[in-house]
There are 2 protein chains.
Amino acid sequence: MKRTILSYSLALAALISMLKLLEYRFLVHTLSLEIYLGLIAILFTVLGVWVGLKLTQTKPLPVSQLNYQVDFQFDPARLEKFGISKREYQVLDLMARGLSNQEIADTLFVSLNTIKTHSSNLFLKLDTKRRTQAVQKAKELRLIP
Amino acid sequence: MKRTILSYSLALAALISMLKLLEYRFLVHTLSLEIYLGLIAILFTVLGVWVGLKLTQTKPLPVSQLNYQVDFQFDPARLEKFGISKREYQVLDLMARGLSNQEIADTLFVSLNTIKTHSSNLFLKLDTKRRTQAVQKAKELRLIP
DNA sequence: ATTAAAATCATACTTTCGGGTGATGCGACT
DNA sequence: AGTCGCATCACCCGAAAGTATGATTTTAAT
């Protein structure tokens, strides 16, 4: 985490420097200061959105909305019974929504390999061989809605 | 959602206007342009983070339906709506139980290739790319329990 | 401060899925 | 008699999923 923050800071610093260089260029070319400021504002807003998403990490995806909610109740105790970690649970949830490993990786902002590791561990803990089996079993066990 | 986006846009516009006013003030007071730019950058980064978080917030679902496999009832009419044949339905059902294509083939005493054909056709008819997605969608559509 | 668990990522390899294409046989319907 | 839908199967190929192993980094608990 420290590392990420550091890299973001560096990226930000680099961006600012770059912008400063550009600044003089633009100004001598008589581009209005307002437009320039607007561009900076937009750019950093986008950057902010990006940073915000990165830092908060979790963001469930729709894919196929039509979300029907059952009398399902999230129960950490049940997860603990199977030794399923928070991250693994997130992966399981997205799996159940029909996402591919790559899509899950993109959603959680981690690499494909990481998701493969998580899912492999899930299969061990749920004693299943495939994702479809894992999802089915997790539903039976009321681990997911 | 449109409303939120609109309000954010307005807020942004207001901010920009405000900043433009400030701009002249600051400039006549000989505050360095670099510092000013940096402030804008930081401000809009923060704004971006805020907007990003707001936009990705998942709202809780209404507790409308409290049912899921309770009221399931096999309905050939629904299948027909999607053009799903008897055999394809069987494959879909076994798929949802977590069986691999090979296992389904063994269960139905046909070849693996046949199951592949059936499942491919299923994906077409359900407009899905993966078996997990197909199963999920079929459950939503109440095609299977 | 140390330690244990969790999370991350990589590389290499095997298996399973899924798409595309084409072919055959069978019953039903007209 | 012809055609249409369904079921069956084959072959190829690329993509995705899954296994195994090892490593580093974060986080949480003691």
# chains A, B, ... in the order shown; residues from 1 in each chain; ligands from 1

$ interface_residues --of "chain B" --to "chain D" --cutoff "12 Å" --atoms "only C-alpha atoms (C1' of nucleotides)" --output "list in words"
Gly83, Ile84, Ser85, Lys86, Arg87, Glu88, Ala105, Phe109, Val110, Ser111, Leu112, Asn113, Thr114, Ile115, Lys116, Thr117, His118, Asn121, Lys129, Arg130 and Arg131 of chain B

$ closest_atom_pairs --of "chain C" --to "chain A" --cutoff "8 Å" --atoms "only C-alpha atoms (C1' of nucleotides)" --output "JSON lines"
{"residue": "C:DA6", "atom": "C1'", "partner": "A:Ser85", "partner_atom": "CA", "distance": 7.6}
{"residue": "C:DA7", "atom": "C1'", "partner": "A:Arg87", "partner_atom": "CA", "distance": 8.0}
{"residue": "C:DT8", "atom": "C1'", "partner": "A:Thr114", "partner_atom": "CA", "distance": 6.3}
{"residue": "C:DC9", "atom": "C1'", "partner": "A:Thr114", "partner_atom": "CA", "distance": 6.3}
{"residue": "C:DA10", "atom": "C1'", "partner": "A:Asn113", "partner_atom": "CA", "distance": 7.7}

$ atom_distance --atom1 "CA of Arg97 in chain B" --atom2 "CA of Glu80 in chain A"
24.3 Å

$ residues_around --residues "Phe74 in chain B" --least-positions-apart "5" --cutoff "10 Å" --atoms "only C-alpha atoms (C1' of nucleotides)" --output "PyMOL selection string"
chain B and resi 79+142-145

$ write_last_selection --atoms "all heavy atoms" --output "mmCIF file, in the first residue's frame"
data_model
loop_
_atom_site.group_PDB
_atom_site.id
_atom_site.type_symbol
_atom_site.label_atom_id
_atom_site.label_comp_id
_atom_site.auth_asym_id
_atom_site.auth_seq_id
_atom_site.Cartn_x
_atom_site.Cartn_y
_atom_site.Cartn_z
ATOM 1 N N LEU B 79 -39.100 -22.318 -21.849
ATOM 2 C CA LEU B 79 -38.014 -22.887 -22.652
ATOM 3 C C LEU B 79 -38.223 -22.578 -24.119
ATOM 4 O O LEU B 79 -37.294 -22.235 -24.838
ATOM 5 C CB LEU B 79 -37.946 -24.404 -22.446
ATOM 6 C CG LEU B 79 -37.504 -24.889 -21.072
ATOM 7 C CD1 LEU B 79 -37.417 -26.397 -21.036
ATOM 8 C CD2 LEU B 79 -36.172 -24.271 -20.698
ATOM 9 N N ARG B 142 -35.563 -18.333 -14.257
ATOM 10 C CA ARG B 142 -36.358 -19.414 -13.688
ATOM 11 C C ARG B 142 -36.492 -20.598 -14.650
ATOM 12 O O ARG B 142 -37.524 -21.258 -14.682
ATOM 13 C CB ARG B 142 -37.765 -18.918 -13.306
ATOM 14 C CG ARG B 142 -37.776 -17.783 -12.314
ATOM 15 C CD ARG B 142 -37.377 -18.301 -10.948
ATOM 16 N NE ARG B 142 -36.664 -17.275 -10.200
ATOM 17 C CZ ARG B 142 -37.255 -16.423 -9.369
ATOM 18 N NH1 ARG B 142 -38.522 -16.482 -9.173
ATOM 19 N NH2 ARG B 142 -36.547 -15.531 -8.727
ATOM 20 N N LEU B 143 -35.483 -20.801 -15.447
ATOM 21 C CA LEU B 143 -35.505 -21.962 -16.331
ATOM 22 C C LEU B 143 -35.124 -23.205 -15.548
ATOM 23 O O LEU B 143 -35.548 -24.310 -15.862
ATOM 24 C CB LEU B 143 -34.534 -21.754 -17.499
ATOM 25 C CG LEU B 143 -34.845 -20.574 -18.424
ATOM 26 C CD1 LEU B 143 -33.792 -20.447 -19.508
ATOM 27 C CD2 LEU B 143 -36.223 -20.750 -19.051
ATOM 28 N N ILE B 144 -34.279 -23.001 -14.550
ATOM 29 C CA ILE B 144 -33.861 -24.102 -13.688
ATOM 30 C C ILE B 144 -33.959 -23.643 -12.235
ATOM 31 O O ILE B 144 -33.943 -22.450 -11.963
ATOM 32 C CB ILE B 144 -32.417 -24.530 -13.998
ATOM 33 C CG1 ILE B 144 -31.507 -23.298 -14.022
ATOM 34 C CG2 ILE B 144 -32.326 -25.261 -15.327
ATOM 35 C CD1 ILE B 144 -30.062 -23.640 -14.220
ATOM 36 N N PRO B 145 -34.058 -24.584 -11.311
ATOM 37 C CA PRO B 145 -34.218 -24.239 -9.881
ATOM 38 C C PRO B 145 -33.003 -23.488 -9.343
ATOM 39 O O PRO B 145 -31.904 -23.733 -9.786
ATOM 40 C CB PRO B 145 -34.342 -25.601 -9.194
ATOM 41 C CG PRO B 145 -34.552 -26.612 -10.246
ATOM 42 C CD PRO B 145 -34.057 -26.046 -11.530
#

$ select_by_dssp --residues "range 72-143 of chain A" --states "alpha helix (DSSP H)" --output "JSON, numbers by chain"
{"A": [76, 77, 78, 79, 80, 81, 86, 87, 88, 89, 90, 91, 92, 93, 94, 95, 96, 101, 102, 103, 104, 105, 106, 107, 108, 112, 113, 114, 115, 116, 117, 118, 119, 120, 121, 122, 123, 124, 125, 126, 131, 132, 133, 134, 135, 136, 137, 138, 139, 140]}

$ atom_distance --atom1 "CA of Lys139 in chain B" --atom2 "CA of Glu140 in chain A"
13.9 Å

$ residues_around --residues "Gly98 in chain B" --least-positions-apart "2" --cutoff "6 Å" --atoms "only C-alpha atoms (C1' of nucleotides)" --output "JSON, numbers by chain"
{"A": [132, 133], "B": [95, 96]}

$ write_last_selection --atoms "N, CA, C and O atoms" --output "PDB file, in the first residue's frame"
ATOM      1  N   THR A 132     -18.021 -24.092 -11.662  1.00  0.00           N
ATOM      2  CA  THR A 132     -19.464 -24.308 -11.630  1.00  0.00           C
ATOM      3  C   THR A 132     -19.856 -25.106 -10.388  1.00  0.00           C
ATOM      4  O   THR A 132     -20.874 -24.828  -9.753  1.00  0.00           O
ATOM      5  N   GLN A 133     -19.014 -26.083 -10.073  1.00  0.00           N
ATOM      6  CA  GLN A 133     -19.262 -26.895  -8.885  1.00  0.00           C
ATOM      7  C   GLN A 133     -19.143 -26.050  -7.628  1.00  0.00           C
ATOM      8  O   GLN A 133     -19.976 -26.155  -6.720  1.00  0.00           O
TER       9      GLN A 133
ATOM     10  N   MET B  95     -25.241 -29.002 -16.170  1.00  0.00           N
ATOM     11  CA  MET B  95     -24.252 -27.937 -16.119  1.00  0.00           C
ATOM     12  C   MET B  95     -24.376 -27.182 -14.805  1.00  0.00           C
ATOM     13  O   MET B  95     -23.391 -26.903 -14.123  1.00  0.00           O
ATOM     14  N   ALA B  96     -25.627 -26.855 -14.473  1.00  0.00           N
ATOM     15  CA  ALA B  96     -25.889 -26.077 -13.262  1.00  0.00           C
ATOM     16  C   ALA B  96     -25.503 -26.860 -12.018  1.00  0.00           C
ATOM     17  O   ALA B  96     -25.250 -26.289 -10.963  1.00  0.00           O
TER      18      ALA B  96
END

$ closest_residue --among "A:Leu122, A:Ala138, A:Leu99, A:Leu108" --to "chain B" --atoms "only C-alpha atoms"
A:Leu99

$ closest_residue --among "A:Leu126, A:Ser100, A:Asp106, A:Lys81" --to "chain B" --atoms "only C-alpha atoms"
A:Ser100

$ atom_distance --atom1 "CA of Ser119 in chain A" --atom2 "CA of Asn101 in chain B"
19.8 Å
